[in-house]
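The structure appears right after this line, and notes come after that.
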Amino acid sequence: VKPEQISKDMIVAFTEYLQHRFVGEGAHTLYARFKKIIKAAVEKDVMRKNPCNGVVIKIDNGSLKKDVLSMDEIKCLISTHYHGESVNIRRAFIFCLYCGLRWCDVKDLTFANVDYANRLLKFEQAKTKGHVVIPLNDGLLKLIGEGNRDELIFPLPSHNMCLKALRHWTARAGIEKHITWHCARHSFAVNILNNGANIKTVASLLGHSGLKHTEKYTRAVDSLKAEAINSLPELEL
């Protein structure tokens, strides 16, 4: 397709395809990247007009789109093993479930990030460059183990390989939700809020600079509570 052949109708059809093909924020994220390319093409005179003008994919930034794992589902996942499983992928995902790390952060952790004396994990987030400090309990320290300072804690394969292993693992555990690696971060936030943590504490553990991005988790907790009440047998008086 030549640049001059890209019309607004094609863009509309493309956005409809994205929204049908992807769940959560995927459609919005991919379209945003696509628009940057088109904008650059217009600025460099490769295209005369921007066909994306006026075509949007709306997203509710205040709600949580991805599935989360409950504590019962996490326990089920941890107790599930299968032939040929990757020990490092398993360790890393469990660690993310209990610390709220992104894949891009957990894959780069080295033993130098661990303060064993004070039982703390310290690292700079790859996405926001914010500095995060997470307290470590006995279980997390055991999951980390010990090694040389420059050695990776969780030597992981590519993101795609990690996702394939995760999907196989969750399927073997009987979990039918659409679980991606980032769901570990969301699950961590929702579960600690559900257990009584305040929103400022959650924001600090996730490395959020403010409460804006953390508020969607409180809405998810409210939704879970409503579902729990509605699951009770109907009250007949």
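In the structure tokens, chains take letters A, B, ... by order of appearance, with residues numbered from 1 within each chain and ligands from 1 in the order shown.
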
Proximity of range 3-104 of chain A to range 126-150 of chain A: per-residue shortest pair, 7 Å limit, only C-alpha atoms, as JSON lines:
```
{"residue": "A:Arg91", "atom": "CA", "partner": "A:Leu143", "partner_atom": "CA", "distance": 6.6}
{"residue": "A:Phe95", "atom": "CA", "partner": "A:Leu140", "partner_atom": "CA", "distance": 7.0}
{"residue": "A:Cys104", "atom": "CA", "partner": "A:Ala126", "partner_atom": "CA", "distance": 6.6}
```

d(CA of Glu85 in chain A, CA of Arg102 in chain A) in Å: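 Computing it gives 21.0 Å between the two atoms.
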
A:Ser70, A:Thr110, A:Asn118, A:Ser231 ranked by distance to Ile179 in chain A, top pick (using only C-alpha atoms): A:Ser70

Who sits within 9 Å of Val12 in chain A, only C-alpha atoms, same chain under 5 positions skipped, as a PyMOL selection string: chain A and resi 7+17+52+55-56

Could the residues in this selection be saved with N, CA, C and O atoms as a CSV table (one decimal), in the first residue's frame?
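out_29.csv written:
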```
chain,number,residue,atom,x,y,z
A,7,SER,N,-6.4,5.9,3.3
A,7,SER,CA,-7.5,6.9,3.5
A,7,SER,C,-8.0,6.8,5.0
A,7,SER,O,-7.7,5.9,5.7
A,17,TYR,N,-10.6,-3.2,13.7
A,17,TYR,CA,-9.9,-4.5,13.8
A,17,TYR,C,-9.1,-4.6,15.1
A,17,TYR,O,-9.1,-5.6,15.8
A,52,CYS,N,-5.2,9.9,10.1
A,52,CYS,CA,-5.6,9.6,11.4
A,52,CYS,C,-6.4,10.7,12.2
A,52,CYS,O,-7.0,10.4,13.2
A,55,VAL,N,-9.8,10.3,14.1
A,55,VAL,CA,-10.1,8.8,14.3
A,55,VAL,C,-9.4,8.5,15.6
A,55,VAL,O,-8.2,8.5,15.7
A,56,VAL,N,-10.2,8.1,16.6
A,56,VAL,CA,-9.6,7.8,17.9
A,56,VAL,C,-10.0,6.4,18.5
A,56,VAL,O,-11.1,5.9,18.1
```

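Per DSSP on the backbone, strand (DSSP E) in range 9-236 of chain A comprises Val114, Asp115, Leu120, Leu121, Lys122, Phe123, Glu124, His131, Val132, Val133, Ile134 and Pro135 of chain A.
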